[in-house]
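Contents: one structure, followed by commentary.
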Amino acid sequence: MKKIAPPPTSPSHQGFSYSPEFFEGLVDSALAHAKKLGATHAGAEASEGCGLSVSVRKGELENVERNRDKSLGVTVYVGHRRGNASTSDFSEKAIQQTVQAAYDIARFTAEDPMAGLPDEADIATPEYQREWRKTHDLDLFHPWAIEGQAAAELARRCEAAALKTSPRITNSEGAGVSAQQSHFFSAHTSGFRGGYASSRHSLSVSPIASLPGKNAEMQRDAWYSSMRCADDLASPEAIGRYAAERALSRLGARKIATTQCPVLFESTLASGLLGSLVQALSGGALYRRSSFLLDSLGERVLPKHVDVLEDPFVKRGKGSSPFDDEGVKVQARKVIDAGHVQGYFLSTYSARKLGMQTTGNAGGSHNLSLTSRLTHAGDDLDAMLEKLGTGLFVTELMGQGVNGVTGDYSRGASGFWVARGRIAFAVQEITIAGNLKDMLKGIEAIGADAYNYGAKTVGSVLINRMKVAGS
């Protein structure tokens, strides 16, 4: 697939208004003022984000947006009472007022014995970070110095490729380019100091296919590419053609009769199943007793051939980081080993509530992958359709019908009916239902067609049986 060659970026101009040294000074000023007021502990983070977003529709420029945001957030502890406040004003007076506001909130907040900064033993100290960087390079920052006109031209090429794919691609909801970058510096009084810059860029298009006739049918689909570095984005032509092919494949969709059958989730959707698993194993849901996987440590929640790996150290990974949002050290680990839960996703607070130790997941998970020990290199989508045999191949989900407490799952869907391992016809206006406990344990195969969606990577997932409600 052809890659985009982004314009060269001068290393002396990264597009930011503030330097890391300036942010470090802001944070130190806030912490010093918190100590002066009598805070037991305090933390602060200064950040800045900027970028460009451009959209076109039917070749015409629609929007050009430039964004620039900045913030200083302060958290103050008075004993086990916590208060926080933020400001976008970096003046000395505003900083002092923000710290004072956080301090006042803390003084009048109910005491929580679990509230507090991470334990010193868990912190990614400056010394730890220096040693860590000798062996790790996450390579997260690749600013894209693209201007509005050049971005609009990329979007036009993407949309034009979609419209040229077939005469049945008759319209478009538009194409867009986004180039975003940010940096931050954070510190707290338990010994953490650190920060870094990162970037995220994307290119997308949404074409519309239609059939002629009095009651003309129209189907829409979309595709995109999102990467840390613009060099890694798929070409606009490849994105446009694939989005058009997806829209065309949906023409002639119809309902099916209500049935029970195996269901294959396209890789783009399978990350949602992994997301539901992560939520159920997250500290907040567990200590509130609002998870369908309570007390599951050591228990089997997936088939024995399935593993879940967390790796914060993937180069250019969208979930990569040398530490979590609290400055706690992170590590690569198997969250699920042979179907059995080896660990939860815990912040300092949720870990204390559960009588456990933080796993370095304040702010979320880091580069998760769902894999099967039964997967072979040749298990592409065609091979997965053969494994499905006769059943439903789901390519789009609608609604929010997932109950994290009970695990009940019910969502609108569309996709394709598969007969004897081959796509027979497109399907729409159906609902798929089950319970996540059964669905996760019913995973029969995971494809080699791995797709990265944010911080999650997973191939297509075949579940042995679900209810499908149709006509």
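Residue numbering restarts at 1 for every chain of the structure tokens, chains are lettered A, B, ... in their displayed order, and ligands are numbered from 1 as they appear.
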Please identify all polymer residues within 9 Å of range 183-194 of chain A, counting only C-alpha atoms, omitting same-chain residues fewer than 3 positions from it, and present them as an mmCIF file with N, CA, C and O atoms, in the first residue's frame.
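So out_29.cif came out as:
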```
data_model
loop_
_atom_site.group_PDB
_atom_site.id
_atom_site.type_symbol
_atom_site.label_atom_id
_atom_site.label_comp_id
_atom_site.auth_asym_id
_atom_site.auth_seq_id
_atom_site.Cartn_x
_atom_site.Cartn_y
_atom_site.Cartn_z
ATOM 1 N N PHE A 16 4.730 24.254 18.917
ATOM 2 C CA PHE A 16 4.240 24.530 20.261
ATOM 3 C C PHE A 16 4.542 25.971 20.663
ATOM 4 O O PHE A 16 5.511 26.576 20.207
ATOM 5 N N PRO A 20 9.080 22.640 27.229
ATOM 6 C CA PRO A 20 9.002 21.767 28.406
ATOM 7 C C PRO A 20 9.560 22.444 29.660
ATOM 8 O O PRO A 20 9.055 22.229 30.770
ATOM 9 N N GLU A 21 10.594 23.252 29.485
ATOM 10 C CA GLU A 21 11.192 23.944 30.634
ATOM 11 C C GLU A 21 10.209 24.942 31.241
ATOM 12 O O GLU A 21 10.151 25.098 32.472
ATOM 13 N N PHE A 23 6.907 24.656 31.148
ATOM 14 C CA PHE A 23 5.917 23.854 31.868
ATOM 15 C C PHE A 23 6.469 23.353 33.198
ATOM 16 O O PHE A 23 5.745 23.318 34.204
ATOM 17 N N GLU A 24 7.723 22.972 33.221
ATOM 18 C CA GLU A 24 8.333 22.510 34.468
ATOM 19 C C GLU A 24 8.322 23.619 35.515
ATOM 20 O O GLU A 24 8.035 23.387 36.693
ATOM 21 N N VAL A 27 4.713 24.023 36.894
ATOM 22 C CA VAL A 27 4.370 22.947 37.826
ATOM 23 C C VAL A 27 5.076 23.159 39.164
ATOM 24 O O VAL A 27 4.460 23.019 40.233
ATOM 25 N N ASP A 28 6.351 23.507 39.120
ATOM 26 C CA ASP A 28 7.094 23.733 40.367
ATOM 27 C C ASP A 28 6.513 24.901 41.148
ATOM 28 O O ASP A 28 6.448 24.862 42.384
ATOM 29 N N LEU A 31 3.326 23.628 42.879
ATOM 30 C CA LEU A 31 3.627 22.749 44.021
ATOM 31 C C LEU A 31 4.175 23.547 45.198
ATOM 32 O O LEU A 31 3.848 23.258 46.362
ATOM 33 N N THR A 40 -0.630 18.672 52.521
ATOM 34 C CA THR A 40 0.163 17.502 52.893
ATOM 35 C C THR A 40 0.937 16.993 51.689
ATOM 36 O O THR A 40 2.125 16.687 51.778
ATOM 37 N N HIS A 41 0.250 16.867 50.562
ATOM 38 C CA HIS A 41 0.864 16.476 49.292
ATOM 39 C C HIS A 41 0.171 17.230 48.168
ATOM 40 O O HIS A 41 -0.955 17.736 48.342
ATOM 41 N N ALA A 42 0.809 17.259 46.998
ATOM 42 C CA ALA A 42 0.204 17.935 45.850
ATOM 43 C C ALA A 42 0.817 17.409 44.560
ATOM 44 O O ALA A 42 1.939 16.888 44.541
ATOM 45 N N GLY A 43 0.066 17.564 43.490
ATOM 46 C CA GLY A 43 0.540 17.220 42.160
ATOM 47 C C GLY A 43 0.035 18.237 41.166
ATOM 48 O O GLY A 43 -0.992 18.895 41.399
ATOM 49 N N ALA A 44 0.741 18.408 40.054
ATOM 50 C CA ALA A 44 0.315 19.363 39.031
ATOM 51 C C ALA A 44 0.769 18.879 37.661
ATOM 52 O O ALA A 44 1.774 18.168 37.535
ATOM 53 N N GLU A 45 -0.006 19.260 36.631
ATOM 54 C CA GLU A 45 0.351 18.914 35.255
ATOM 55 C C GLU A 45 0.031 20.086 34.341
ATOM 56 O O GLU A 45 -1.078 20.621 34.364
ATOM 57 N N ALA A 46 1.016 20.478 33.543
ATOM 58 C CA ALA A 46 0.827 21.515 32.522
ATOM 59 C C ALA A 46 0.865 20.850 31.155
ATOM 60 O O ALA A 46 1.722 19.992 30.899
ATOM 61 N N SER A 47 -0.056 21.217 30.278
ATOM 62 C CA SER A 47 -0.126 20.567 28.975
ATOM 63 C C SER A 47 -0.554 21.549 27.890
ATOM 64 O O SER A 47 -1.165 22.583 28.165
ATOM 65 N N GLU A 48 -0.239 21.174 26.663
ATOM 66 C CA GLU A 48 -0.603 21.980 25.501
ATOM 67 C C GLU A 48 -0.865 21.038 24.331
ATOM 68 O O GLU A 48 -0.154 20.050 24.143
ATOM 69 N N GLY A 49 -1.901 21.331 23.566
ATOM 70 C CA GLY A 49 -2.199 20.570 22.369
ATOM 71 C C GLY A 49 -2.515 21.498 21.226
ATOM 72 O O GLY A 49 -3.101 22.570 21.431
ATOM 73 N N THR A 75 -3.789 19.169 41.844
ATOM 74 C CA THR A 75 -4.456 18.334 42.839
ATOM 75 C C THR A 75 -3.765 18.528 44.179
ATOM 76 O O THR A 75 -2.533 18.446 44.262
ATOM 77 N N LEU A 117 -1.431 10.200 46.959
ATOM 78 C CA LEU A 117 -0.517 9.948 45.849
ATOM 79 C C LEU A 117 -0.018 8.503 45.888
ATOM 80 O O LEU A 117 -0.137 7.828 46.909
ATOM 81 N N PRO A 118 0.542 8.018 44.797
ATOM 82 C CA PRO A 118 1.074 6.648 44.781
ATOM 83 C C PRO A 118 2.200 6.474 45.796
ATOM 84 O O PRO A 118 2.863 7.444 46.194
ATOM 85 N N ASP A 119 2.419 5.241 46.203
ATOM 86 C CA ASP A 119 3.535 4.941 47.093
ATOM 87 C C ASP A 119 4.844 5.175 46.348
ATOM 88 O O ASP A 119 4.959 4.924 45.143
ATOM 89 N N GLU A 120 5.856 5.618 47.068
ATOM 90 C CA GLU A 120 7.138 5.950 46.441
ATOM 91 C C GLU A 120 7.745 4.758 45.707
ATOM 92 O O GLU A 120 8.416 4.924 44.683
ATOM 93 N N ILE A 123 6.696 4.553 41.945
ATOM 94 C CA ILE A 123 6.849 5.727 41.086
ATOM 95 C C ILE A 123 8.010 5.593 40.112
ATOM 96 O O ILE A 123 9.075 5.070 40.445
ATOM 97 N N ALA A 124 7.779 6.065 38.902
ATOM 98 C CA ALA A 124 8.837 6.151 37.892
ATOM 99 C C ALA A 124 9.653 7.408 38.175
ATOM 100 O O ALA A 124 9.405 8.472 37.606
ATOM 101 N N THR A 125 10.615 7.284 39.071
ATOM 102 C CA THR A 125 11.431 8.423 39.484
ATOM 103 C C THR A 125 12.278 8.915 38.312
ATOM 104 O O THR A 125 12.501 8.181 37.332
ATOM 105 N N PRO A 126 12.807 10.147 38.390
ATOM 106 C CA PRO A 126 13.692 10.633 37.324
ATOM 107 C C PRO A 126 14.875 9.698 37.073
ATOM 108 O O PRO A 126 15.282 9.507 35.917
ATOM 109 N N GLN A 129 13.608 6.757 35.096
ATOM 110 C CA GLN A 129 13.339 7.140 33.710
ATOM 111 C C GLN A 129 14.614 7.269 32.894
ATOM 112 O O GLN A 129 14.651 6.890 31.715
ATOM 113 N N ALA A 197 6.265 14.467 24.600
ATOM 114 C CA ALA A 197 5.408 14.931 23.496
ATOM 115 C C ALA A 197 4.915 13.727 22.704
ATOM 116 O O ALA A 197 5.565 12.684 22.658
ATOM 117 N N SER A 198 3.750 13.869 22.092
ATOM 118 C CA SER A 198 3.194 12.804 21.268
ATOM 119 C C SER A 198 2.391 13.412 20.123
ATOM 120 O O SER A 198 2.045 14.597 20.149
ATOM 121 N N SER A 199 2.103 12.591 19.131
ATOM 122 C CA SER A 199 1.340 13.069 17.966
ATOM 123 C C SER A 199 0.371 11.985 17.523
ATOM 124 O O SER A 199 0.538 10.799 17.828
ATOM 125 N N PHE A 323 5.117 5.642 31.737
ATOM 126 C CA PHE A 323 4.473 5.655 33.050
ATOM 127 C C PHE A 323 3.002 5.965 32.865
ATOM 128 O O PHE A 323 2.576 6.416 31.797
ATOM 129 N N ASP A 325 -0.821 7.761 34.261
ATOM 130 C CA ASP A 325 -1.233 9.138 34.536
ATOM 131 C C ASP A 325 -0.885 9.609 35.938
ATOM 132 O O ASP A 325 -0.980 10.807 36.232
ATOM 133 N N GLU A 326 -0.490 8.694 36.816
ATOM 134 C CA GLU A 326 -0.076 9.055 38.175
ATOM 135 C C GLU A 326 1.438 9.030 38.342
ATOM 136 O O GLU A 326 1.950 9.233 39.431
ATOM 137 N N GLY A 327 2.162 8.773 37.232
ATOM 138 C CA GLY A 327 3.610 8.673 37.321
ATOM 139 C C GLY A 327 4.096 7.333 37.834
ATOM 140 O O GLY A 327 5.240 7.199 38.275
ATOM 141 N N VAL A 328 3.238 6.314 37.770
ATOM 142 C CA VAL A 328 3.587 4.969 38.240
ATOM 143 C C VAL A 328 4.254 4.176 37.111
ATOM 144 O O VAL A 328 3.861 4.292 35.947
#
```
Can you tell me, as a ChimeraX atom specification, what residues are no more than 8 Å from Pro262 in chain A when counting only C-alpha atoms, ignoring any on the same chain fewer than 3 positions away? /A:388,390-392,462-466
Distance query Arg228 in chain A at most 7 Å, only C-alpha atoms, self and fewer than 3 positions along chain excluded, as a VMD selection string: chain A and resid 140 to 142 199 to 201 316
Could you write those residues out with N, CA and C atoms, as an mmCIF file, in the first residue's frame?
```cif
data_model
loop_
_atom_site.group_PDB
_atom_site.id
_atom_site.type_symbol
_atom_site.label_atom_id
_atom_site.label_comp_id
_atom_site.auth_asym_id
_atom_site.auth_seq_id
_atom_site.Cartn_x
_atom_site.Cartn_y
_atom_site.Cartn_z
ATOM 1 N N LEU A 140 7.175 8.428 19.983
ATOM 2 C CA LEU A 140 5.763 8.827 19.953
ATOM 3 C C LEU A 140 5.500 10.168 19.274
ATOM 4 N N PHE A 141 6.557 10.944 19.020
ATOM 5 C CA PHE A 141 6.342 12.317 18.558
ATOM 6 C C PHE A 141 6.849 12.508 17.135
ATOM 7 N N HIS A 142 5.881 12.727 16.231
ATOM 8 C CA HIS A 142 6.194 12.983 14.824
ATOM 9 C C HIS A 142 5.300 14.112 14.319
ATOM 10 N N SER A 199 2.103 12.591 19.131
ATOM 11 C CA SER A 199 1.340 13.069 17.966
ATOM 12 C C SER A 199 0.371 11.985 17.523
ATOM 13 N N ARG A 200 -0.664 12.404 16.783
ATOM 14 C CA ARG A 200 -1.666 11.485 16.234
ATOM 15 C C ARG A 200 -2.262 12.119 14.983
ATOM 16 N N HIS A 201 -2.159 11.425 13.864
ATOM 17 C CA HIS A 201 -2.639 11.960 12.590
ATOM 18 C C HIS A 201 -3.595 10.973 11.926
ATOM 19 N N ARG A 316 5.928 3.512 18.671
ATOM 20 C CA ARG A 316 4.874 4.288 18.003
ATOM 21 C C ARG A 316 3.467 3.786 18.353
#
```
Could you list, as a list in words, every residue within 9 Å of His376 in chain A, counting only C-alpha atoms and ignoring same-chain residues fewer than 4 positions away? Asp380, Gly447 and Ala448 of chain A
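Here CA of Asp408 in chain A and CA of Lys437 in chain A stand 8.5 Å from one another.
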Identify, on the basis of only C-alpha atoms, every residue whose closest approach to Leu309 in chain A does not exceed 9 Å; exclude the query and any residue fewer than 4 positions from it along the same chain; express the result as a short mmCIF file (atom, residue, chain, number, x, y, z; two decimals) with N, CA and C atoms, in the first residue's frame.
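Okay, this is what ended up in around.cif:
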```
data_model
loop_
_atom_site.label_atom_id
_atom_site.label_comp_id
_atom_site.auth_asym_id
_atom_site.auth_seq_id
_atom_site.Cartn_x
_atom_site.Cartn_y
_atom_site.Cartn_z
N ALA A 332 5.16 -4.71 30.81
CA ALA A 332 4.51 -5.66 29.92
C ALA A 332 4.08 -6.86 30.75
N ARG A 333 2.89 -7.37 30.48
CA ARG A 333 2.38 -8.49 31.28
C ARG A 333 1.29 -9.23 30.51
N LYS A 334 1.04 -10.47 30.93
CA LYS A 334 -0.11 -11.22 30.44
C LYS A 334 -1.27 -10.99 31.39
N VAL A 335 -2.28 -10.30 30.91
CA VAL A 335 -3.47 -10.06 31.72
C VAL A 335 -4.32 -11.34 31.78
N ILE A 336 -4.41 -12.02 30.63
CA ILE A 336 -5.09 -13.31 30.55
C ILE A 336 -4.09 -14.33 30.01
N ASP A 337 -3.90 -15.41 30.72
CA ASP A 337 -3.00 -16.47 30.30
C ASP A 337 -3.78 -17.78 30.20
N ASN A 367 -1.77 -0.68 25.02
CA ASN A 367 -1.49 -1.59 23.90
C ASN A 367 -1.86 -3.04 24.21
N LEU A 368 -3.16 -3.31 24.22
CA LEU A 368 -3.64 -4.67 24.47
C LEU A 368 -3.76 -5.45 23.17
N SER A 369 -3.46 -6.74 23.23
CA SER A 369 -3.68 -7.62 22.08
C SER A 369 -4.40 -8.88 22.56
N LEU A 370 -5.42 -9.26 21.80
CA LEU A 370 -6.19 -10.49 22.06
C LEU A 370 -5.76 -11.51 21.02
N THR A 371 -5.18 -12.63 21.47
CA THR A 371 -4.65 -13.62 20.54
C THR A 371 -5.10 -15.02 20.91
#
```
I'd like the contact shell of Tyr344 in chain A - 8 Å cut-off, only C-alpha atoms, skipping same-chain residues fewer than 5 positions apart - returned as a compact mmCIF listing (two decimals) with C-alpha atoms, in the first residue's frame.
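Contents of out-v7.txt, as written:
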```
# COMPACT_ATOMS: atom_id res chain seq x y z
CA LEU A 281 -11.57 -6.14 34.93
CA SER A 282 -11.00 -2.46 35.81
CA GLY A 283 -10.59 -1.38 39.40
CA LEU A 297 -8.60 -13.28 39.58
CA VAL A 335 -3.47 -10.06 31.72
CA THR A 359 -0.86 -2.11 38.04
```
